[in-house]
Amino acid sequence: MPTRQPTRAPGGRAECFDVLDPATGEPFDEAPDHDPDTLDAVVDAAHVAWREWRSDPATRTGALLAAADDVEAAGADLAPLLTREQGKPLSESYAEVARTAARLRYFAELDPGSQPITDGRPVRSEIRWRPLGPVAAIVPWNFPLQLASAKFAPALAAGNTVVLKPSPCTPLATRLLGSVLSSALPEDVLTIVTGGEPLGARLASHPGIRHVTFTGSIPTGRAVAESAAASLTRATLELGGNDAAVLLEDVDVERVADRLFWAAFRNCGQVCMAVKRVYAPARIYSRVVEALAHRARTVVVGSGLDPVSELGPVNNADQLARVERYTAQALSDGARAAAGGHRLDRPGYFFAPTILADVPSTSRVVTEEQFGPVLPVLPYTSVDEAVEAANGTGFGLGGSVWGTDLDRAEAIADRLECGTAWINHHAELSLAQPFAGVKESGVGVAGGPWGLYGNLRPFVVHRPDRPEEA
Ligand code: NAD
């Protein structure tokens with residue numbers, strides 16, 4: 001997915017690029033356009049800082065807990081800036097700041113321990129976990145702080161240092177976060193660099209980097225994997241999703257409609273594991289379409305800084321164009337807009353919350369990730385057909401099943417080919433759970449202890465069990 005690239009000054013490299021407010025489409029500030037050549041010095045400094053940072057787990061825990069307190073205390077500065085550059089309602093920005101602090105606390109207190117290997121041989125073998133070195137963290141614009149912390153919190157807790165690159169669409173709250181964290185973290189333990197694709201590509205391929213952890217689109221994920229392969233660097237990729245929600249005949253439509261709607265439209269649909277397709281039994285299809293369309297028509301859309309707004313703008317012009325293109329194509333494929341279906345006639349990147357009915361299953365809004373406030377609803381006649389359709393894309397991030405018979409719903413959820421399946425919910429994650437996409441949705445595991453181990457390497461020590469065998 002293209003993101004806005006830094007603008008370059010005539011005759012050479014610009015030192016800054018504009019940051020736009022998606023609620024107006026106008027620039028409101030700028031961020032440094034770091035030259036990829038500066039990464040050599042940044043990564044060298046991260047190596048030097050690593051020597052000290054890796055040596056004392058207790059100091060690390062203390063620093064990360066202090067960092068979490070500092071993030072919380074800075075909420076009133078971070079949240080409005082995040083809304084200004086990202087577009088989401090202010091309450092969601094505050095929630096994102098809170099999750100950033102919570103992640104720091106969770107990983108600060110997670111101990112990888114050491115594990116004995118018992119295999120019947122007369123040796124004492126033990127796994128001790130070792131950090132890797134400087135980690136490159138590259139993140140997108142939909143949850144700039146939350147996704148950054150999902151990378152730097154486990155990496156730092158494991159004893160690595162981090163070079164973090166946010167999206168050029170949302171660099172400012174991350175830069176502010178960096179300065180907030182600098183009180184608790186030693187110099188060069190976490191460095192933030194800002195810029196576009198050339199900077200990301202150089203960072204992902206830098207020979208001094210020991211782990212590239214990337215969240216973003218599938219095409220960029222492929223490029224990152226190729227870059228990391230050049231230096232045989234470990235790569236963790238959290239990529240796109242096209243999650244299906246399968247409604248069963250016994251679902252209580254009115255009861256779940258709000259939850260289902262927000263599972264699709266939170267953050268203006270710009271959530272990797274948002275509900276992006278709904279499959280409803282033919283018998284209740286029109287009720288489901290109408291329940292969702294009613295919510296789409298009545299939700300309050302506006303600037304995220306306006307306290308009454310429930311839904312903000314799409315983050316950037318490229319993304320808005322993509323949402324518009326997919327919707328127009330679905331309509332020309334024969335879909336009906338039960339709500340929305342068009343841009344809003346106002347400045348900024350606003351798109352009307354859209355429910356698409358009667359969409360051909362081959363339309364791109366069904367087969368690809370639209371990543372915006374648009375939801376196709378498709379009818380089915382047998383559950384097997386719905387499960388096959390849900391599993392019938394190259395994606396495999398999440399999925400959900402909705403009904404009142406929970407055992408039956410769970411049995412159907414168990415057949416979904418994805419990393420996380422929910423019953424009567426969607427996109428609810430615990431800090432303690434593994435998060436991993438299958439198929440093209442990802443490589444590697446984040447979250448919980450697995451996220452910590454993803455930033456460590458096993459180091460095994462063998463010694464004889466008894467002195468006479470030495
Ligand atoms: P993107 O792939 O365009 O960009 C992500 C980041 O990669 C940005 O910082 C960008 O500057 C950088 N980048 C671009 N080209 C690069 C290259 N060649 N090498 C290294 N870095 C490069 O994604 P986006 O448009 O910012 O974000 C939306 C996508 O992110 C969606 O597909 C969404 O599903 C996905 N996403 C996935 C998850 C998940 O956990 N699976 C979470 C959030 C978002």
# chains A, B, ... in the order shown; residues from 1 in each chain; ligands from 1
$ closest_atom_pairs --of "segment 218-304 of chain A" --to "segment 392-401 of chain A" --cutoff "6 Å" --atoms "only C-alpha atoms" --output "JSON lines"
{"residue": "A:Gly241", "atom": "CA", "partner": "A:Leu397", "partner_atom": "CA", "distance": 5.2}
{"residue": "A:Asn242", "atom": "CA", "partner": "A:Phe395", "partner_atom": "CA", "distance": 5.9}
{"residue": "A:Asp243", "atom": "CA", "partner": "A:Gly399", "partner_atom": "CA", "distance": 5.1}
{"residue": "A:Ala244", "atom": "CA", "partner": "A:Gly399", "partner_atom": "CA", "distance": 5.1}
{"residue": "A:Ala245", "atom": "CA", "partner": "A:Ser400", "partner_atom": "CA", "distance": 4.7}
{"residue": "A:Val246", "atom": "CA", "partner": "A:Val401", "partner_atom": "CA", "distance": 4.7}
{"residue": "A:Leu247", "atom": "CA", "partner": "A:Val401", "partner_atom": "CA", "distance": 5.8}
{"residue": "A:Met273", "atom": "CA", "partner": "A:Gly398", "partner_atom": "CA", "distance": 5.9}
$ write_last_selection --atoms "N, CA and C atoms" --output "mmCIF file, in the first residue's frame"
data_model
loop_
_atom_site.group_PDB
_atom_site.id
_atom_site.type_symbol
_atom_site.label_atom_id
_atom_site.label_comp_id
_atom_site.auth_asym_id
_atom_site.auth_seq_id
_atom_site.Cartn_x
_atom_site.Cartn_y
_atom_site.Cartn_z
ATOM 1 N N GLY A 241 -4.817 -8.009 6.546
ATOM 2 C CA GLY A 241 -5.859 -8.980 6.860
ATOM 3 C C GLY A 241 -7.106 -8.707 6.033
ATOM 4 N N ASN A 242 -7.961 -9.701 5.960
ATOM 5 C CA ASN A 242 -9.263 -9.542 5.306
ATOM 6 C C ASN A 242 -10.246 -10.422 6.083
ATOM 7 N N ASP A 243 -10.375 -10.090 7.375
ATOM 8 C CA ASP A 243 -11.092 -10.970 8.305
ATOM 9 C C ASP A 243 -12.572 -11.088 7.944
ATOM 10 N N ALA A 244 -13.067 -12.322 8.061
ATOM 11 C CA ALA A 244 -14.492 -12.580 7.838
ATOM 12 C C ALA A 244 -15.201 -12.742 9.170
ATOM 13 N N ALA A 245 -16.441 -12.241 9.225
ATOM 14 C CA ALA A 245 -17.337 -12.530 10.351
ATOM 15 C C ALA A 245 -18.449 -13.401 9.785
ATOM 16 N N VAL A 246 -18.608 -14.601 10.356
ATOM 17 C CA VAL A 246 -19.658 -15.514 9.895
ATOM 18 C C VAL A 246 -20.791 -15.472 10.913
ATOM 19 N N LEU A 247 -21.946 -14.984 10.479
ATOM 20 C CA LEU A 247 -23.124 -14.950 11.359
ATOM 21 C C LEU A 247 -23.898 -16.246 11.178
ATOM 22 N N MET A 273 -6.957 -6.232 11.720
ATOM 23 C CA MET A 273 -7.882 -7.329 12.010
ATOM 24 C C MET A 273 -9.299 -6.815 12.231
#
$ closest_atom_pairs --of "chain A" --to "ligand 1" --cutoff "6 Å" --atoms "only C-alpha atoms and all ligand atoms" --output "JSON lines"
{"residue": "A:Met1", "atom": "CA", "partner": "ligand 1", "partner_atom_place_in_ligand_line": "3 (O)", "distance": 4.3}
{"residue": "A:Pro2", "atom": "CA", "partner": "ligand 1", "partner_atom_place_in_ligand_line": "3 (O)", "distance": 4.8}
{"residue": "A:Thr3", "atom": "CA", "partner": "ligand 1", "partner_atom_place_in_ligand_line": "3 (O)", "distance": 5.1}
{"residue": "A:Ile138", "atom": "CA", "partner": "ligand 1", "partner_atom_place_in_ligand_line": "9 (O)", "distance": 5.2}
{"residue": "A:Val139", "atom": "CA", "partner": "ligand 1", "partner_atom_place_in_ligand_line": "9 (O)", "distance": 4.7}
{"residue": "A:Pro140", "atom": "CA", "partner": "ligand 1", "partner_atom_place_in_ligand_line": "26 (O)", "distance": 3.4}
{"residue": "A:Trp141", "atom": "CA", "partner": "ligand 1", "partner_atom_place_in_ligand_line": "26 (O)", "distance": 4.9}
{"residue": "A:Lys165", "atom": "CA", "partner": "ligand 1", "partner_atom_place_in_ligand_line": "9 (O)", "distance": 5.9}
{"residue": "A:Pro166", "atom": "CA", "partner": "ligand 1", "partner_atom_place_in_ligand_line": "9 (O)", "distance": 4.7}
{"residue": "A:Ser167", "atom": "CA", "partner": "ligand 1", "partner_atom_place_in_ligand_line": "9 (O)", "distance": 3.5}
{"residue": "A:Pro168", "atom": "CA", "partner": "ligand 1", "partner_atom_place_in_ligand_line": "11 (O)", "distance": 5.9}
{"residue": "A:Gly196", "atom": "CA", "partner": "ligand 1", "partner_atom_place_in_ligand_line": "11 (O)", "distance": 4.4}
{"residue": "A:Glu197", "atom": "CA", "partner": "ligand 1", "partner_atom_place_in_ligand_line": "15 (N)", "distance": 3.9}
{"residue": "A:Gly200", "atom": "CA", "partner": "ligand 1", "partner_atom_place_in_ligand_line": "21 (N)", "distance": 3.5}
{"residue": "A:Ala201", "atom": "CA", "partner": "ligand 1", "partner_atom_place_in_ligand_line": "19 (N)", "distance": 3.4}
{"residue": "A:Ala204", "atom": "CA", "partner": "ligand 1", "partner_atom_place_in_ligand_line": "20 (C)", "distance": 5.6}
{"residue": "A:Thr215", "atom": "CA", "partner": "ligand 1", "partner_atom_place_in_ligand_line": "37 (C)", "distance": 5.1}
{"residue": "A:Gly216", "atom": "CA", "partner": "ligand 1", "partner_atom_place_in_ligand_line": "30 (O)", "distance": 3.1}
{"residue": "A:Ser217", "atom": "CA", "partner": "ligand 1", "partner_atom_place_in_ligand_line": "32 (O)", "distance": 3.4}
{"residue": "A:Thr220", "atom": "CA", "partner": "ligand 1", "partner_atom_place_in_ligand_line": "2 (O)", "distance": 4.4}
{"residue": "A:Ala223", "atom": "CA", "partner": "ligand 1", "partner_atom_place_in_ligand_line": "18 (N)", "distance": 5.2}
{"residue": "A:Val224", "atom": "CA", "partner": "ligand 1", "partner_atom_place_in_ligand_line": "19 (N)", "distance": 4.9}
{"residue": "A:Glu238", "atom": "CA", "partner": "ligand 1", "partner_atom_place_in_ligand_line": "41 (N)", "distance": 3.7}
{"residue": "A:Leu239", "atom": "CA", "partner": "ligand 1", "partner_atom_place_in_ligand_line": "41 (N)", "distance": 3.9}
{"residue": "A:Gly240", "atom": "CA", "partner": "ligand 1", "partner_atom_place_in_ligand_line": "34 (O)", "distance": 3.2}
{"residue": "A:Gly241", "atom": "CA", "partner": "ligand 1", "partner_atom_place_in_ligand_line": "34 (O)", "distance": 5.2}
{"residue": "A:Val271", "atom": "CA", "partner": "ligand 1", "partner_atom_place_in_ligand_line": "43 (C)", "distance": 5.9}
{"residue": "A:Cys272", "atom": "CA", "partner": "ligand 1", "partner_atom_place_in_ligand_line": "34 (O)", "distance": 3.7}
$ write_last_selection --atoms "N, CA and C atoms" --output "PDB file, in the first residue's frame"
ATOM      1  N   MET A   1       0.841  -1.180   0.000  1.00  0.00           N
ATOM      2  CA  MET A   1       0.000   0.000   0.000  1.00  0.00           C
ATOM      3  C   MET A   1       0.893   1.253   0.000  1.00  0.00           C
ATOM      4  N   PRO A   2       0.694   2.176  -0.939  1.00  0.00           N
ATOM      5  CA  PRO A   2       1.593   3.332  -0.962  1.00  0.00           C
ATOM      6  C   PRO A   2       1.326   4.262   0.209  1.00  0.00           C
ATOM      7  N   THR A   3       2.368   4.825   0.732  1.00  0.00           N
ATOM      8  CA  THR A   3       2.189   5.873   1.731  1.00  0.00           C
ATOM      9  C   THR A   3       2.810   7.129   1.154  1.00  0.00           C
ATOM     10  N   ILE A 138       9.692  -1.272  12.038  1.00  0.00           N
ATOM     11  CA  ILE A 138       9.107  -0.432  10.972  1.00  0.00           C
ATOM     12  C   ILE A 138       7.592  -0.575  11.061  1.00  0.00           C
ATOM     13  N   VAL A 139       6.889   0.553  11.192  1.00  0.00           N
ATOM     14  CA  VAL A 139       5.447   0.470  11.460  1.00  0.00           C
ATOM     15  C   VAL A 139       4.621   1.364  10.524  1.00  0.00           C
ATOM     16  N   PRO A 140       3.322   1.059  10.416  1.00  0.00           N
ATOM     17  CA  PRO A 140       2.430   1.831   9.543  1.00  0.00           C
ATOM     18  C   PRO A 140       1.736   2.974  10.297  1.00  0.00           C
ATOM     19  N   TRP A 141       0.726   3.561   9.664  1.00  0.00           N
ATOM     20  CA  TRP A 141       0.120   4.788  10.180  1.00  0.00           C
ATOM     21  C   TRP A 141      -1.192   4.560  10.914  1.00  0.00           C
ATOM     22  N   LYS A 165      11.242   3.152  12.884  1.00  0.00           N
ATOM     23  CA  LYS A 165      10.818   4.055  11.808  1.00  0.00           C
ATOM     24  C   LYS A 165       9.295   4.050  11.691  1.00  0.00           C
ATOM     25  N   PRO A 166       8.658   5.175  12.043  1.00  0.00           N
ATOM     26  CA  PRO A 166       7.211   5.278  11.830  1.00  0.00           C
ATOM     27  C   PRO A 166       6.902   5.571  10.365  1.00  0.00           C
ATOM     28  N   SER A 167       5.624   5.529  10.030  1.00  0.00           N
ATOM     29  CA  SER A 167       5.193   5.904   8.682  1.00  0.00           C
ATOM     30  C   SER A 167       5.403   7.405   8.469  1.00  0.00           C
ATOM     31  N   PRO A 168       5.739   7.838   7.249  1.00  0.00           N
ATOM     32  CA  PRO A 168       5.840   9.284   7.001  1.00  0.00           C
ATOM     33  C   PRO A 168       4.491   9.994   7.145  1.00  0.00           C
ATOM     34  N   GLY A 196      10.717   8.042   4.369  1.00  0.00           N
ATOM     35  CA  GLY A 196       9.854   7.172   3.574  1.00  0.00           C
ATOM     36  C   GLY A 196      10.503   5.854   3.203  1.00  0.00           C
ATOM     37  N   GLU A 197      10.134   5.365   2.030  1.00  0.00           N
ATOM     38  CA  GLU A 197      10.551   4.031   1.599  1.00  0.00           C
ATOM     39  C   GLU A 197      12.074   3.840   1.549  1.00  0.00           C
ATOM     40  N   GLY A 200      13.288   3.175   5.007  1.00  0.00           N
ATOM     41  CA  GLY A 200      12.826   1.863   5.487  1.00  0.00           C
ATOM     42  C   GLY A 200      13.608   0.732   4.838  1.00  0.00           C
ATOM     43  N   ALA A 201      13.810   0.854   3.521  1.00  0.00           N
ATOM     44  CA  ALA A 201      14.507  -0.215   2.790  1.00  0.00           C
ATOM     45  C   ALA A 201      15.941  -0.350   3.293  1.00  0.00           C
ATOM     46  N   ALA A 204      15.929  -1.956   6.781  1.00  0.00           N
ATOM     47  CA  ALA A 204      15.630  -3.398   6.774  1.00  0.00           C
ATOM     48  C   ALA A 204      16.804  -4.221   6.265  1.00  0.00           C
ATOM     49  N   THR A 215       5.476  -4.143  10.553  1.00  0.00           N
ATOM     50  CA  THR A 215       4.021  -4.222  10.403  1.00  0.00           C
ATOM     51  C   THR A 215       3.630  -3.319   9.247  1.00  0.00           C
ATOM     52  N   GLY A 216       2.844  -3.850   8.342  1.00  0.00           N
ATOM     53  CA  GLY A 216       2.417  -3.051   7.200  1.00  0.00           C
ATOM     54  C   GLY A 216       1.747  -3.931   6.165  1.00  0.00           C
ATOM     55  N   SER A 217       1.777  -3.471   4.928  1.00  0.00           N
ATOM     56  CA  SER A 217       1.050  -4.164   3.864  1.00  0.00           C
ATOM     57  C   SER A 217       1.828  -5.383   3.369  1.00  0.00           C
ATOM     58  N   THR A 220       4.769  -4.513   0.845  1.00  0.00           N
ATOM     59  CA  THR A 220       5.960  -3.982   1.531  1.00  0.00           C
ATOM     60  C   THR A 220       6.606  -5.081   2.378  1.00  0.00           C
ATOM     61  N   ALA A 223       8.946  -6.952   0.314  1.00  0.00           N
ATOM     62  CA  ALA A 223      10.186  -6.192   0.083  1.00  0.00           C
ATOM     63  C   ALA A 223      11.075  -6.254   1.322  1.00  0.00           C
ATOM     64  N   VAL A 224      10.471  -6.151   2.500  1.00  0.00           N
ATOM     65  CA  VAL A 224      11.245  -6.197   3.751  1.00  0.00           C
ATOM     66  C   VAL A 224      11.890  -7.582   3.905  1.00  0.00           C
ATOM     67  N   GLU A 238       4.154  -8.680  10.310  1.00  0.00           N
ATOM     68  CA  GLU A 238       2.716  -8.642  10.634  1.00  0.00           C
ATOM     69  C   GLU A 238       2.052  -7.861   9.509  1.00  0.00           C
ATOM     70  N   LEU A 239       1.261  -8.558   8.710  1.00  0.00           N
ATOM     71  CA  LEU A 239       0.828  -7.968   7.432  1.00  0.00           C
ATOM     72  C   LEU A 239      -0.694  -7.789   7.384  1.00  0.00           C
ATOM     73  N   GLY A 240      -1.191  -7.655   6.203  1.00  0.00           N
ATOM     74  CA  GLY A 240      -2.595  -7.287   6.030  1.00  0.00           C
ATOM     75  C   GLY A 240      -3.552  -8.401   6.415  1.00  0.00           C
ATOM     76  N   GLY A 241      -4.817  -8.009   6.546  1.00  0.00           N
ATOM     77  CA  GLY A 241      -5.859  -8.980   6.860  1.00  0.00           C
ATOM     78  C   GLY A 241      -7.106  -8.707   6.033  1.00  0.00           C
ATOM     79  N   VAL A 271      -7.887  -1.015  10.484  1.00  0.00           N
ATOM     80  CA  VAL A 271      -7.398  -1.936  11.513  1.00  0.00           C
ATOM     81  C   VAL A 271      -7.076  -3.236  10.790  1.00  0.00           C
ATOM     82  N   CYS A 272      -5.868  -3.766  11.010  1.00  0.00           N
ATOM     83  CA  CYS A 272      -5.477  -4.967  10.257  1.00  0.00           C
ATOM     84  C   CYS A 272      -6.477  -6.089  10.486  1.00  0.00           C
TER      85      CYS A 272
END
$ residues_around --residues "Ala436 of chain A" --least-positions-apart "4" --cutoff "8 Å" --atoms "only C-alpha atoms" --output "ChimeraX atom specification"
/A:238,397,419-420,442-446
$ residues_around --residues "Ala357 of chain A" --least-positions-apart "2" --cutoff "9 Å" --atoms "only C-alpha atoms" --output "list in words"
Ser286, Val289, Ala335, Arg336, Ala337, Ala338, Ile355, Val359, Leu375, Pro376, Val377, Leu378 and Pro379 of chain A
$ write_last_selection --atoms "C-alpha atoms" --output "tab-separated table (two decimals), in the first residue's frame"
chain	number	residue	atom	x	y	z
A	286	SER	CA	-31.76	-8.28	4.79
A	289	VAL	CA	-27.80	-5.43	6.11
A	335	ALA	CA	-23.42	-4.13	-5.51
A	336	ARG	CA	-25.92	-1.86	-3.79
A	337	ALA	CA	-24.88	0.79	-1.27
A	338	ALA	CA	-27.27	0.21	1.64
A	355	ILE	CA	-22.45	-0.97	3.80
A	359	VAL	CA	-21.72	-7.74	-3.73
A	375	LEU	CA	-18.11	-3.30	4.68
A	376	PRO	CA	-19.46	-5.84	2.17
A	377	VAL	CA	-22.20	-8.15	3.46
A	378	LEU	CA	-22.64	-11.44	1.59
A	379	PRO	CA	-25.46	-14.01	1.89
$ residues_around --residues "Leu452 of chain A" --least-positions-apart "6" --cutoff "7 Å" --atoms "only C-alpha atoms" --output "PDB file with N, CA and C atoms, in the first residue's frame"
ATOM      1  N   PRO A 154       8.756  -5.448  23.734  1.00  0.00           N
ATOM      2  CA  PRO A 154       9.389  -6.768  23.903  1.00  0.00           C
ATOM      3  C   PRO A 154      10.867  -6.766  23.520  1.00  0.00           C
ATOM      4  N   ALA A 155      11.215  -5.982  22.485  1.00  0.00           N
ATOM      5  CA  ALA A 155      12.625  -5.974  22.045  1.00  0.00           C
ATOM      6  C   ALA A 155      13.513  -5.389  23.139  1.00  0.00           C
ATOM      7  N   ALA A 158      13.763  -7.615  26.233  1.00  0.00           N
ATOM      8  CA  ALA A 158      14.644  -8.765  25.990  1.00  0.00           C
ATOM      9  C   ALA A 158      16.120  -8.377  26.028  1.00  0.00           C
TER      10      ALA A 158
END
$ select_by_dssp --residues "segment 241-463 of chain A" --states "helix (DSSP H, G or I)" --output "count of residues only"
79
$ closest_residue --among "A:Val189, A:Ala23, A:Val42, A:Ala225" --to "Leu311 of chain A" --atoms "only C-alpha atoms"
A:Ala23
$ atom_distance --atom1 "atom CA of Phe351 of chain A" --atom2 "atom CA of Phe261 of chain A"
15.9 Å
$ select_by_dssp --residues "segment 162-345 of chain A" --states "strand (DSSP E)" --output "number ranges by chain"
A: 162-165, 190-192, 211-215, 234-238, 243-247, 275-281, 336-339
$ closest_atom_pairs --of "segment 85-160 of chain A" --to "segment 48-64 of chain A" --cutoff "10 Å" --atoms "only C-alpha atoms" --output "JSON lines"
{"residue": "A:Ala101", "atom": "CA", "partner": "A:Leu64", "partner_atom": "CA", "distance": 9.3}
{"residue": "A:Arg103", "atom": "CA", "partner": "A:Leu64", "partner_atom": "CA", "distance": 9.8}
{"residue": "A:Leu104", "atom": "CA", "partner": "A:Leu64", "partner_atom": "CA", "distance": 6.0}
{"residue": "A:Arg105", "atom": "CA", "partner": "A:Leu64", "partner_atom": "CA", "distance": 6.8}
{"residue": "A:Tyr106", "atom": "CA", "partner": "A:Leu64", "partner_atom": "CA", "distance": 9.5}
{"residue": "A:Phe107", "atom": "CA", "partner": "A:Leu64", "partner_atom": "CA", "distance": 8.3}
{"residue": "A:Ala108", "atom": "CA", "partner": "A:Thr61", "partner_atom": "CA", "distance": 4.8}
{"residue": "A:Glu109", "atom": "CA", "partner": "A:Thr61", "partner_atom": "CA", "distance": 6.4}
{"residue": "A:Leu110", "atom": "CA", "partner": "A:Thr61", "partner_atom": "CA", "distance": 8.9}
{"residue": "A:Asp111", "atom": "CA", "partner": "A:Pro57", "partner_atom": "CA", "distance": 8.9}
{"residue": "A:Arg130", "atom": "CA", "partner": "A:Arg54", "partner_atom": "CA", "distance": 8.6}
{"residue": "A:Pro131", "atom": "CA", "partner": "A:Arg54", "partner_atom": "CA", "distance": 7.0}
{"residue": "A:Leu132", "atom": "CA", "partner": "A:Arg54", "partner_atom": "CA", "distance": 9.4}
{"residue": "A:Gly133", "atom": "CA", "partner": "A:Trp50", "partner_atom": "CA", "distance": 6.4}
{"residue": "A:Pro134", "atom": "CA", "partner": "A:Trp50", "partner_atom": "CA", "distance": 7.2}
{"residue": "A:Ala153", "atom": "CA", "partner": "A:Leu64", "partner_atom": "CA", "distance": 8.0}
{"residue": "A:Leu156", "atom": "CA", "partner": "A:Arg60", "partner_atom": "CA", "distance": 7.9}
{"residue": "A:Ala157", "atom": "CA", "partner": "A:Arg60", "partner_atom": "CA", "distance": 6.6}
{"residue": "A:Ala158", "atom": "CA", "partner": "A:Arg54", "partner_atom": "CA", "distance": 7.8}
{"residue": "A:Gly159", "atom": "CA", "partner": "A:Arg54", "partner_atom": "CA", "distance": 4.3}
{"residue": "A:Asn160", "atom": "CA", "partner": "A:Trp50", "partner_atom": "CA", "distance": 6.2}
$ closest_residue --among "A:Ala296, A:Cys169, A:Cys418, A:Leu90" --to "Val438 of chain A" --atoms "only C-alpha atoms"
A:Cys418
$ atom_distance --atom1 "atom CA of Arg343 of chain A" --atom2 "atom CA of Arg322 of chain A"
11.5 Å
$ residues_around --residues "Asn424 of chain A" --least-positions-apart "6" --cutoff "9 Å" --atoms "only C-alpha atoms" --output "PyMOL selection string"
chain A and resi 247+251+256+259-260+400-404+406+409
